[in-house]
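Structure file structure.cif with mmCIF, C-alpha atoms:
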```cif
data_data
#
loop_
_atom_site.label_atom_id
_atom_site.label_comp_id
_atom_site.auth_asym_id
_atom_site.auth_seq_id
_atom_site.Cartn_x
_atom_site.Cartn_y
_atom_site.Cartn_z
CA MET A 76 41.93 -6.12 -20.77
CA VAL A 77 41.71 -9.55 -19.18
CA CYS A 78 44.93 -10.70 -20.80
CA SER A 79 47.25 -7.80 -20.00
CA LYS A 80 49.89 -8.53 -17.37
CA HIS A 81 50.21 -5.08 -15.89
CA PRO A 82 47.22 -3.69 -13.92
CA VAL A 83 47.77 -0.14 -15.20
CA SER A 84 47.58 -1.19 -18.84
CA ALA A 85 44.52 -3.30 -17.98
CA ALA A 86 42.90 -0.15 -16.54
CA MET A 87 43.78 1.81 -19.69
CA PHE A 88 42.15 -0.85 -21.90
CA MET A 89 39.17 -0.79 -19.55
CA ILE A 90 38.81 2.96 -20.11
CA ILE A 91 38.90 2.39 -23.87
CA SER A 92 36.13 -0.19 -23.66
CA LEU A 93 34.04 2.03 -21.36
CA VAL A 94 34.31 4.93 -23.82
CA GLY A 95 33.37 2.50 -26.59
CA VAL A 96 30.24 1.49 -24.70
CA ALA A 97 29.44 5.19 -24.24
CA ALA A 98 29.74 5.65 -28.02
CA LEU A 99 27.31 2.75 -28.50
CA PHE A 100 24.90 4.48 -26.11
CA VAL A 101 25.11 7.54 -28.37
CA LEU A 102 24.31 5.34 -31.38
CA LEU A 103 21.32 3.97 -29.46
CA GLU A 104 20.20 7.59 -28.92
CA ALA A 105 20.57 7.36 -25.12
CA PHE A 106 22.61 10.56 -24.92
CA PHE A 107 22.11 11.18 -21.22
CA LEU A 108 23.32 7.69 -20.36
CA ALA A 109 26.36 8.15 -22.59
CA VAL A 110 27.34 11.31 -20.74
CA LEU A 111 26.69 9.56 -17.44
CA GLN A 112 28.81 6.60 -18.52
CA ILE A 113 31.77 8.86 -19.33
CA LEU A 114 31.38 10.89 -16.13
CA VAL A 115 30.79 8.03 -13.71
CA TYR A 116 32.93 5.26 -15.14
CA ALA A 117 35.77 6.91 -17.01
CA GLY A 118 35.74 9.92 -14.72
CA ALA A 119 35.23 8.53 -11.24
CA VAL A 120 35.48 4.76 -11.11
CA MET A 121 38.59 4.32 -13.24
CA VAL A 122 40.36 7.20 -11.50
CA LEU A 123 39.63 5.41 -8.22
CA PHE A 124 41.00 2.17 -9.67
CA LEU A 125 44.17 3.83 -10.94
CA PHE A 126 44.62 5.60 -7.62
CA ILE A 127 44.37 2.30 -5.73
CA ILE A 128 46.70 0.56 -8.19
CA MET A 129 49.31 3.26 -7.61
CA LEU A 130 48.65 3.38 -3.84
CA LEU A 131 49.17 -0.36 -3.41
CA ASP A 132 51.98 -0.37 -5.98
CA VAL A 133 50.74 -3.52 -7.68
CA GLY A 134 53.30 -4.62 -10.23
CA PRO A 135 52.78 -7.10 -13.05
CA GLN A 136 51.74 -10.54 -11.99
CA GLY A 137 54.73 -12.80 -11.34
CA GLY A 138 55.61 -15.60 -13.72
CA LYS A 139 54.02 -18.16 -11.41
CA ALA A 140 51.39 -19.14 -13.95
CA SER A 141 51.54 -22.90 -14.07
CA LYS A 142 50.88 -25.00 -17.14
CA MET A 143 47.62 -26.26 -15.64
CA LYS A 144 46.41 -22.70 -15.19
CA LEU A 145 47.23 -21.88 -18.82
CA ILE A 146 45.41 -24.97 -20.08
CA SER A 147 42.32 -24.27 -17.97
CA GLY A 148 42.31 -20.65 -19.14
CA LEU A 149 42.55 -21.69 -22.78
CA ALA A 150 39.78 -24.27 -22.28
CA ALA A 151 37.48 -21.73 -20.61
CA GLY A 152 38.14 -19.15 -23.33
CA PHE A 153 37.52 -21.70 -26.07
CA THR A 154 34.26 -22.85 -24.48
CA VAL A 155 32.95 -19.33 -24.03
CA SER A 156 33.81 -18.32 -27.59
CA LEU A 157 32.15 -21.48 -28.91
CA LEU A 158 29.00 -20.63 -26.93
CA LEU A 159 29.16 -17.09 -28.35
CA VAL A 160 29.30 -18.34 -31.93
CA ILE A 161 26.39 -20.70 -31.32
CA PHE A 162 24.37 -17.88 -29.76
CA LEU A 163 25.16 -15.61 -32.71
CA ILE A 164 23.98 -18.19 -35.23
CA VAL A 165 20.83 -19.02 -33.27
CA VAL A 166 19.82 -15.39 -32.76
CA GLN A 167 20.45 -14.51 -36.39
CA ASN A 168 18.41 -17.42 -37.71
CA SER A 169 15.48 -17.41 -35.30
CA GLY A 170 12.69 -14.90 -34.87
CA TRP A 171 13.18 -14.55 -31.12
CA LEU A 172 13.46 -10.83 -31.23
CA GLY A 173 10.29 -10.54 -33.33
CA GLU A 174 9.18 -6.95 -33.61
CA HIS A 175 12.27 -5.81 -31.73
CA SER A 176 14.59 -6.74 -34.58
CA THR A 177 14.35 -3.37 -36.31
CA TRP A 178 14.80 0.22 -35.22
CA LEU A 179 11.66 2.26 -34.70
CA PRO A 180 11.96 6.06 -34.88
CA VAL A 181 12.02 7.89 -31.54
CA ASP A 182 9.09 10.21 -30.96
CA ASN A 183 10.10 12.85 -28.43
CA GLU A 184 6.68 14.53 -28.46
CA ALA A 185 4.82 11.36 -27.53
CA ALA A 186 7.20 10.78 -24.64
CA MET A 187 6.19 14.04 -23.00
CA THR A 188 2.43 13.66 -23.37
CA GLN A 189 2.04 10.15 -22.01
CA GLY A 190 1.56 9.88 -18.29
CA GLU A 191 2.19 6.52 -16.66
CA ASN A 192 3.60 4.63 -19.63
CA LEU A 193 7.09 6.07 -20.15
CA SER A 194 8.16 5.86 -23.76
CA PHE A 195 11.73 6.17 -24.96
CA SER A 196 12.98 9.68 -25.60
CA THR A 197 16.32 11.30 -26.27
CA SER A 198 15.65 14.22 -23.95
CA VAL A 199 16.89 14.43 -20.37
CA LYS A 200 13.57 15.99 -19.38
CA SER A 201 11.54 12.82 -19.80
CA PHE A 202 14.30 10.89 -18.02
CA GLY A 203 13.97 13.18 -15.02
CA TYR A 204 10.17 12.97 -15.25
CA GLY A 205 10.36 9.18 -15.05
CA LEU A 206 12.78 9.32 -12.14
CA MET A 207 10.62 11.75 -10.21
CA THR A 208 7.26 10.04 -10.73
CA LYS A 209 7.34 6.29 -11.40
CA TYR A 210 10.76 5.64 -9.90
CA MET A 211 10.67 8.02 -6.94
CA PHE A 212 11.08 5.28 -4.34
CA PRO A 213 14.01 3.49 -6.07
CA LEU A 214 15.68 6.89 -6.51
CA GLN A 215 15.54 7.52 -2.78
CA ILE A 216 16.72 3.98 -2.08
CA SER A 217 19.72 4.50 -4.36
CA GLY A 218 20.51 7.78 -2.63
CA PHE A 219 20.42 5.96 0.68
CA LEU A 220 22.62 3.22 -0.79
CA LEU A 221 25.23 5.80 -1.79
CA LEU A 222 25.14 7.25 1.73
CA ALA A 223 25.53 3.77 3.22
CA ALA A 224 28.46 3.03 0.91
CA MET A 225 30.13 6.32 1.89
CA VAL A 226 29.71 5.66 5.61
CA GLY A 227 30.91 2.08 5.13
CA VAL A 228 34.07 3.18 3.33
CA ILE A 229 34.83 5.76 6.04
CA VAL A 230 34.33 3.17 8.79
CA LEU A 231 36.53 0.65 6.95
CA SER A 232 39.42 3.05 6.56
CA LYS A 233 39.08 4.42 10.12
CA ASN A 234 39.26 0.98 11.75
CA ASN A 235 42.45 0.23 9.89
CA GLU A 236 44.15 3.35 11.12
CA LYS A 237 43.28 2.43 14.70
CA GLU A 238 44.74 -1.05 14.26
CA ALA A 239 47.93 0.24 12.70
CA GLY A 240 48.56 2.96 15.26
CA MET B 63 25.45 -4.18 -47.13
CA GLU B 64 23.91 -5.30 -43.86
CA THR B 65 22.89 -2.67 -41.33
CA VAL B 66 23.39 -2.90 -37.60
CA THR B 67 20.44 -4.62 -35.95
CA PRO B 68 19.58 -4.98 -32.24
CA SER B 69 20.83 -8.55 -32.28
CA HIS B 70 24.33 -7.25 -33.06
CA TYR B 71 24.15 -5.10 -29.95
CA LEU B 72 22.96 -8.12 -27.98
CA CYS B 73 25.88 -10.21 -29.22
CA LEU B 74 28.32 -7.46 -28.29
CA SER B 75 26.83 -7.18 -24.82
CA LEU B 76 27.11 -10.94 -24.44
CA CYS B 77 30.76 -10.68 -25.53
CA LEU B 78 31.43 -7.99 -22.93
CA PHE B 79 29.68 -10.02 -20.25
CA SER B 80 31.58 -13.21 -21.02
CA ILE B 81 34.94 -11.43 -21.22
CA GLY B 82 34.20 -9.97 -17.80
CA PHE B 83 33.11 -13.39 -16.54
CA LEU B 84 36.33 -14.99 -17.78
CA GLY B 85 38.26 -12.20 -16.08
CA VAL B 86 36.47 -12.87 -12.79
CA LEU B 87 37.20 -16.58 -13.08
CA LEU B 88 40.78 -16.50 -14.31
CA ARG B 89 42.51 -13.42 -12.92
CA ARG B 90 44.17 -13.69 -9.54
CA ASN B 91 44.72 -10.00 -8.94
CA LEU B 92 41.65 -8.88 -6.99
CA LEU B 93 41.82 -5.38 -8.50
CA LEU B 94 41.42 -6.88 -11.95
CA VAL B 95 38.60 -9.10 -10.69
CA LEU B 96 36.76 -5.94 -9.59
CA MET B 97 37.44 -4.36 -12.98
CA SER B 98 36.04 -7.43 -14.72
CA LEU B 99 32.90 -7.13 -12.59
CA GLU B 100 32.54 -3.59 -13.95
CA LEU B 101 32.87 -4.96 -17.46
CA MET B 102 30.08 -7.48 -16.79
CA LEU B 103 27.82 -4.70 -15.53
CA ASN B 104 28.61 -2.72 -18.67
CA GLY B 105 27.52 -5.62 -20.84
CA ILE B 106 24.23 -5.77 -18.94
CA ASN B 107 23.81 -2.00 -19.33
CA LEU B 108 24.31 -2.23 -23.07
CA ALA B 109 21.70 -4.98 -23.39
CA LEU B 110 19.23 -3.00 -21.28
CA VAL B 111 19.66 0.19 -23.31
CA ASN B 112 19.30 -1.85 -26.48
CA PHE B 113 16.02 -3.37 -25.35
CA SER B 114 14.83 0.00 -24.09
CA ARG B 115 15.52 1.55 -27.49
CA THR B 116 13.93 -1.23 -29.54
CA SER B 117 10.75 -1.43 -27.48
CA LEU B 118 10.61 2.38 -27.17
CA ASN B 119 10.21 2.14 -23.40
CA LEU B 120 12.17 4.38 -21.06
CA ASP B 121 12.08 1.97 -18.10
CA GLY B 122 15.19 0.10 -19.27
CA SER B 123 17.22 3.31 -19.47
CA ILE B 124 16.16 4.27 -15.95
CA PHE B 125 17.24 0.84 -14.75
CA VAL B 126 20.65 1.47 -16.32
CA PHE B 127 20.85 4.65 -14.26
CA PHE B 128 20.24 2.65 -11.07
CA ILE B 129 22.74 -0.04 -12.12
CA MET B 130 25.40 2.67 -12.57
CA THR B 131 24.63 3.99 -9.08
CA VAL B 132 24.97 0.54 -7.55
CA ALA B 133 28.16 -0.13 -9.51
CA ALA B 134 29.76 3.07 -8.26
CA ALA B 135 28.86 2.23 -4.65
CA GLU B 136 30.13 -1.31 -5.13
CA VAL B 137 33.47 -0.12 -6.48
CA ALA B 138 33.94 2.27 -3.58
CA VAL B 139 33.25 -0.40 -0.96
CA GLY B 140 35.20 -3.07 -2.85
CA LEU B 141 38.30 -0.93 -3.15
CA ALA B 142 38.11 0.06 0.53
CA LEU B 143 37.91 -3.63 1.43
CA LEU B 144 40.85 -4.32 -0.85
CA VAL B 145 42.98 -1.65 0.82
CA ALA B 146 42.05 -3.06 4.25
CA LEU B 147 43.00 -6.53 3.03
CA TYR B 148 46.29 -5.27 1.66
CA LYS B 149 47.13 -3.72 5.01
CA ARG B 150 46.52 -7.04 6.78
CA ARG B 151 47.97 -9.48 4.25
CA ASN B 152 50.28 -7.29 2.20
CA SER B 153 48.98 -8.83 -1.01
CA VAL B 154 46.09 -8.41 -3.44
CA PHE B 155 46.41 -11.83 -5.08
CA SER B 156 43.60 -14.25 -4.42
CA GLU B 157 45.91 -17.25 -3.89
CA ASP B 158 47.51 -15.50 -0.88
CA ILE B 159 44.15 -15.08 0.86
CA ASN B 160 43.55 -18.45 2.46
CA LEU B 161 42.83 -18.66 6.15
CA ILE B 162 43.34 -22.42 6.49
CA HIS B 163 46.97 -22.68 5.40
CA ASN B 164 48.18 -20.20 7.97
#
```

Take the structure in this file and express it as structure tokens.
Amino acid sequence: MVCSKHPVSAAMFMIISLVGVAALFVLLEAFFLAVLQILVYAGAVMVLFLFIIMLLDVGPQGGKASKMKLISGLAAGFTVSLLLVIFLIVVQNSGWLGEHSTWLPVDNEAAMTQGENLSFSTSVKSFGYGLMTKYMFPLQISGFLLLAAMVGVIVLSKNNEKEAG
Amino acid sequence: METVTPSHYLCLSLCLFSIGFLGVLLRRNLLLVLMSLELMLNGINLALVNFSRTSLNLDGSIFVFFIMTVAAAEVAVGLALLVALYKRRNSVFSEDINLIHN
């Protein structure tokens, strides 16, 4: 995705990776989050991206890439991949994860009976229970954030029309 | 035959995060920079769900829900800013957006 020249193909690769992450959520038994990932990211965010790409008519990046840029890109990529390999080796050989290094079975019944301590469950019901009790205030904050973002976007696009006309 | 362990998921989320980070650093098209930011957030989401699943605690999953909300709001505002910028400068490339050279 990072390497592709054309923005539209980059967006297509992005959709593939988002769907892949959703599949990994399914494997981690977070079904609600997988559905949300598909709906929000692949459904809304990437459509917005593609719409803006086509609105602005952004073509492929011109062949202005200098040799210095290429060298710095290669160096950064090499460094990051080296760090990744080191991290992989360290995590595999150390006991950092401890008890979290194996999969424990999910107990959906226990999730519903416990009050304050929310335990992991595959059902949407316990998710909603957590949102409505422990995380009530953050939920309202995020609703307000969405409202603020909506108003901000409207104001941004309105001001531009006034300047143009 | 080795099975998939949580550390594999962690490594994958680190991969996603660093690919996104490289995209933010190296790409000059601001649209692709925004997309790389999304990729970084996805890496974080994957790590959070992984920890939530291994420690059998729902809090991490609920955090992922909030991160998705914030990411959607961020994309909306970012793209609106980008369109406003394009109307002023007629370009979405980061090397064309320098106030000093004009």

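Minimum atom-to-atom distance to chain B, evaluated using all atoms listed in the file, belongs to A:Ala151 out of A:Ile91, A:Ile161, A:Val101, A:Ala151.
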
> What is the distance between atom CA of Val133 of chain A and atom CA of Leu114 of chain A, in Å to one decimal?
Replying inline: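 Distance reported for this atom pair: 25.6 Å.
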
>> Could you tell me which residues of chain B sit within 6 Å of chain A when counting only C-alpha atoms, and give me the result as a list of chain:residue names?
In response: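 The answer, sorted by residue number, is B:Pro68, B:Gly85, B:Thr116, B:Leu118, B:Asn119, B:Leu120, B:Ala135, B:Val139, B:Ala142.
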
Filtering to C-alpha atoms, could you give me those residues as an mmCIF file, keeping the file's coordinate frame?
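Ended up saving to result-v4.cif:
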```
data_model
loop_
_atom_site.group_PDB
_atom_site.id
_atom_site.type_symbol
_atom_site.label_atom_id
_atom_site.label_comp_id
_atom_site.auth_asym_id
_atom_site.auth_seq_id
_atom_site.Cartn_x
_atom_site.Cartn_y
_atom_site.Cartn_z
ATOM 1 C CA PRO B 68 19.580 -4.980 -32.240
ATOM 2 C CA GLY B 85 38.260 -12.200 -16.080
ATOM 3 C CA THR B 116 13.930 -1.230 -29.540
ATOM 4 C CA LEU B 118 10.610 2.380 -27.170
ATOM 5 C CA ASN B 119 10.210 2.140 -23.400
ATOM 6 C CA LEU B 120 12.170 4.380 -21.060
ATOM 7 C CA ALA B 135 28.860 2.230 -4.650
ATOM 8 C CA VAL B 139 33.250 -0.400 -0.960
ATOM 9 C CA ALA B 142 38.110 0.060 0.530
#
```

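Considering the residues B:Cys77, B:Val145, B:Ile162, B:Ser153 and counting only C-alpha atoms, Arg90 of chain B has its shortest atom-to-atom contact with B:Ser153.
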
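Shortest separation to Val132 of chain B among A:Phe219, A:Tyr204, A:Phe88, A:Phe212 occurs at residue A:Phe219, atoms counted being all atoms listed in the file.
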
> the PyMOL selection byres ((chain B and resi 92) around 8) on the file shown: which residues, as a PyMOL selection string?
Replying inline: chain B and resi 89-91+93-96+144+154-156

>> Rounded to one decimal, what separation in Å do you get between atom CA of Ile146 of chain A and atom CA of Leu88 of chain B?
In response: 11.2 Å

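Nearest to Ala138 of chain B of all the residues A:Val199, A:Ile164, A:Val122, A:Met207 is A:Val122, counting only C-alpha atoms.
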
>> If I take atom CA of Leu78 of chain B and atom CA of Asn104 of chain B, how far is one from the other in Å, to one decimal?
In response: 7.3 Å

Edge lengths and centre in Å to one decimal, as lines of an AutoDock Vina configuration file, is what I'm after for the box along x, y and z that holds all listed atoms of segment 113-129 of chain B once 8 Å is added on each side.
```
center_x = 16.5
center_y = 0.6
center_z = -20.3
size_x = 28.5
size_y = 24.0
size_z = 34.5
```

> Taking into account only C-alpha atoms, which residue in the set A:Ala150, A:Ala109, A:Ile90, A:Met129 is nearest to Val126 of chain B?
Replying inline: A:Ala109

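Candidate residues B:Ile106, B:Leu161, B:Leu87, B:Met97 were compared for distance to Ile129 of chain B, and the nearest is B:Ile106, using all atoms listed in the file.
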
Could you pull chain B out of the block above and give me C-alpha atoms, as an mmCIF file, in the first residue's frame?
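Output (out_25.cif):
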```
data_model
loop_
_atom_site.group_PDB
_atom_site.id
_atom_site.type_symbol
_atom_site.label_atom_id
_atom_site.label_comp_id
_atom_site.auth_asym_id
_atom_site.auth_seq_id
_atom_site.Cartn_x
_atom_site.Cartn_y
_atom_site.Cartn_z
ATOM 1 C CA MET B 63 3.485 -27.818 13.576
ATOM 2 C CA GLU B 64 3.466 -24.597 15.547
ATOM 3 C CA THR B 65 0.139 -22.989 16.390
ATOM 4 C CA VAL B 66 -0.615 -19.295 16.263
ATOM 5 C CA THR B 67 0.215 -17.648 19.576
ATOM 6 C CA PRO B 68 -0.575 -14.117 20.813
ATOM 7 C CA SER B 69 2.986 -13.057 20.108
ATOM 8 C CA HIS B 70 2.381 -13.697 16.395
ATOM 9 C CA TYR B 71 -0.547 -11.305 16.530
ATOM 10 C CA LEU B 72 1.647 -8.785 18.332
ATOM 11 C CA CYS B 73 4.331 -9.056 15.660
ATOM 12 C CA LEU B 74 1.736 -8.570 12.930
ATOM 13 C CA SER B 75 0.336 -5.517 14.666
ATOM 14 C CA LEU B 76 3.845 -4.134 14.981
ATOM 15 C CA CYS B 77 4.336 -4.779 11.250
ATOM 16 C CA LEU B 78 1.127 -2.913 10.428
ATOM 17 C CA PHE B 79 2.112 -0.044 12.696
ATOM 18 C CA SER B 80 5.596 0.308 11.231
ATOM 19 C CA ILE B 81 4.355 0.070 7.637
ATOM 20 C CA GLY B 82 1.930 2.862 8.459
ATOM 21 C CA PHE B 83 4.707 4.829 10.151
ATOM 22 C CA LEU B 84 6.961 4.470 7.113
ATOM 23 C CA GLY B 85 4.064 5.616 4.941
ATOM 24 C CA VAL B 86 3.578 8.705 7.101
ATOM 25 C CA LEU B 87 7.275 9.492 6.911
ATOM 26 C CA LEU B 88 7.971 8.755 3.265
ATOM 27 C CA ARG B 89 4.853 9.495 1.230
ATOM 28 C CA ARG B 90 4.375 13.009 -0.068
ATOM 29 C CA ASN B 91 0.757 12.688 -1.107
ATOM 30 C CA LEU B 92 -1.214 13.868 1.932
ATOM 31 C CA LEU B 93 -4.117 11.524 1.101
ATOM 32 C CA LEU B 94 -1.778 8.567 1.409
ATOM 33 C CA VAL B 95 -0.351 9.996 4.632
ATOM 34 C CA LEU B 96 -3.883 9.987 6.074
ATOM 35 C CA MET B 97 -4.368 6.420 4.861
ATOM 36 C CA SER B 98 -1.126 5.383 6.544
ATOM 37 C CA LEU B 99 -2.380 6.941 9.777
ATOM 38 C CA GLU B 100 -5.417 4.668 9.485
ATOM 39 C CA LEU B 101 -3.101 1.706 9.047
ATOM 40 C CA MET B 102 -1.218 2.654 12.227
ATOM 41 C CA LEU B 103 -4.493 2.849 14.152
ATOM 42 C CA ASN B 104 -5.413 -0.576 12.796
ATOM 43 C CA GLY B 105 -2.177 -2.032 14.105
ATOM 44 C CA ILE B 106 -2.954 -0.596 17.539
ATOM 45 C CA ASN B 107 -6.487 -2.010 17.356
ATOM 46 C CA LEU B 108 -5.176 -5.464 16.561
ATOM 47 C CA ALA B 109 -2.771 -5.373 19.517
ATOM 48 C CA LEU B 110 -5.545 -4.188 21.846
ATOM 49 C CA VAL B 111 -7.970 -6.916 20.762
ATOM 50 C CA ASN B 112 -5.192 -9.457 21.134
ATOM 51 C CA PHE B 113 -4.445 -8.393 24.698
ATOM 52 C CA SER B 114 -8.146 -8.225 25.477
ATOM 53 C CA ARG B 115 -8.600 -11.791 24.256
ATOM 54 C CA THR B 116 -5.573 -13.231 26.052
ATOM 55 C CA SER B 117 -6.330 -11.613 29.398
ATOM 56 C CA LEU B 118 -10.073 -12.332 29.002
ATOM 57 C CA ASN B 119 -10.934 -8.712 29.766
ATOM 58 C CA LEU B 120 -13.478 -6.806 27.715
ATOM 59 C CA ASP B 121 -12.013 -3.356 28.429
ATOM 60 C CA GLY B 122 -9.532 -3.596 25.541
ATOM 61 C CA SER B 123 -12.302 -4.365 23.039
ATOM 62 C CA ILE B 124 -14.319 -1.389 24.257
ATOM 63 C CA PHE B 125 -11.250 0.800 23.817
ATOM 64 C CA VAL B 126 -11.005 -0.440 20.222
ATOM 65 C CA PHE B 127 -14.587 0.729 19.737
ATOM 66 C CA PHE B 128 -13.633 4.228 20.920
ATOM 67 C CA ILE B 129 -10.478 4.242 18.765
ATOM 68 C CA MET B 130 -12.627 3.442 15.703
ATOM 69 C CA THR B 131 -14.939 6.338 16.577
ATOM 70 C CA VAL B 132 -12.034 8.748 16.899
ATOM 71 C CA ALA B 133 -10.472 7.452 13.674
ATOM 72 C CA ALA B 134 -13.680 8.006 11.734
ATOM 73 C CA ALA B 135 -13.984 11.573 13.075
ATOM 74 C CA GLU B 136 -10.322 12.200 12.310
ATOM 75 C CA VAL B 137 -10.692 11.024 8.722
ATOM 76 C CA ALA B 138 -13.715 13.233 8.158
ATOM 77 C CA VAL B 139 -11.980 16.347 9.472
ATOM 78 C CA GLY B 140 -8.675 15.488 7.781
ATOM 79 C CA LEU B 141 -10.263 15.034 4.386
ATOM 80 C CA ALA B 142 -12.247 18.273 4.749
ATOM 81 C CA LEU B 143 -9.000 20.078 5.578
ATOM 82 C CA LEU B 144 -7.365 18.447 2.585
ATOM 83 C CA VAL B 145 -10.113 19.610 0.243
ATOM 84 C CA ALA B 146 -9.831 23.151 1.676
ATOM 85 C CA LEU B 147 -6.070 23.007 1.150
ATOM 86 C CA TYR B 148 -6.506 21.782 -2.403
ATOM 87 C CA LYS B 149 -8.813 24.690 -3.159
ATOM 88 C CA ARG B 150 -6.205 27.175 -1.911
ATOM 89 C CA ARG B 151 -3.005 25.579 -3.195
ATOM 90 C CA ASN B 152 -4.250 23.338 -5.982
ATOM 91 C CA SER B 153 -2.049 20.504 -4.766
ATOM 92 C CA VAL B 154 -2.120 17.700 -2.200
ATOM 93 C CA PHE B 155 1.631 17.072 -2.144
ATOM 94 C CA SER B 156 3.423 17.985 1.045
ATOM 95 C CA GLU B 157 6.408 19.568 -0.743
ATOM 96 C CA ASP B 158 4.099 22.190 -2.302
ATOM 97 C CA ILE B 159 2.818 23.321 1.092
ATOM 98 C CA ASN B 160 5.514 25.662 2.339
ATOM 99 C CA LEU B 161 4.608 29.152 3.405
ATOM 100 C CA ILE B 162 8.159 30.532 3.501
ATOM 101 C CA HIS B 163 9.138 30.013 -0.138
ATOM 102 C CA ASN B 164 6.213 31.973 -1.465
#
```
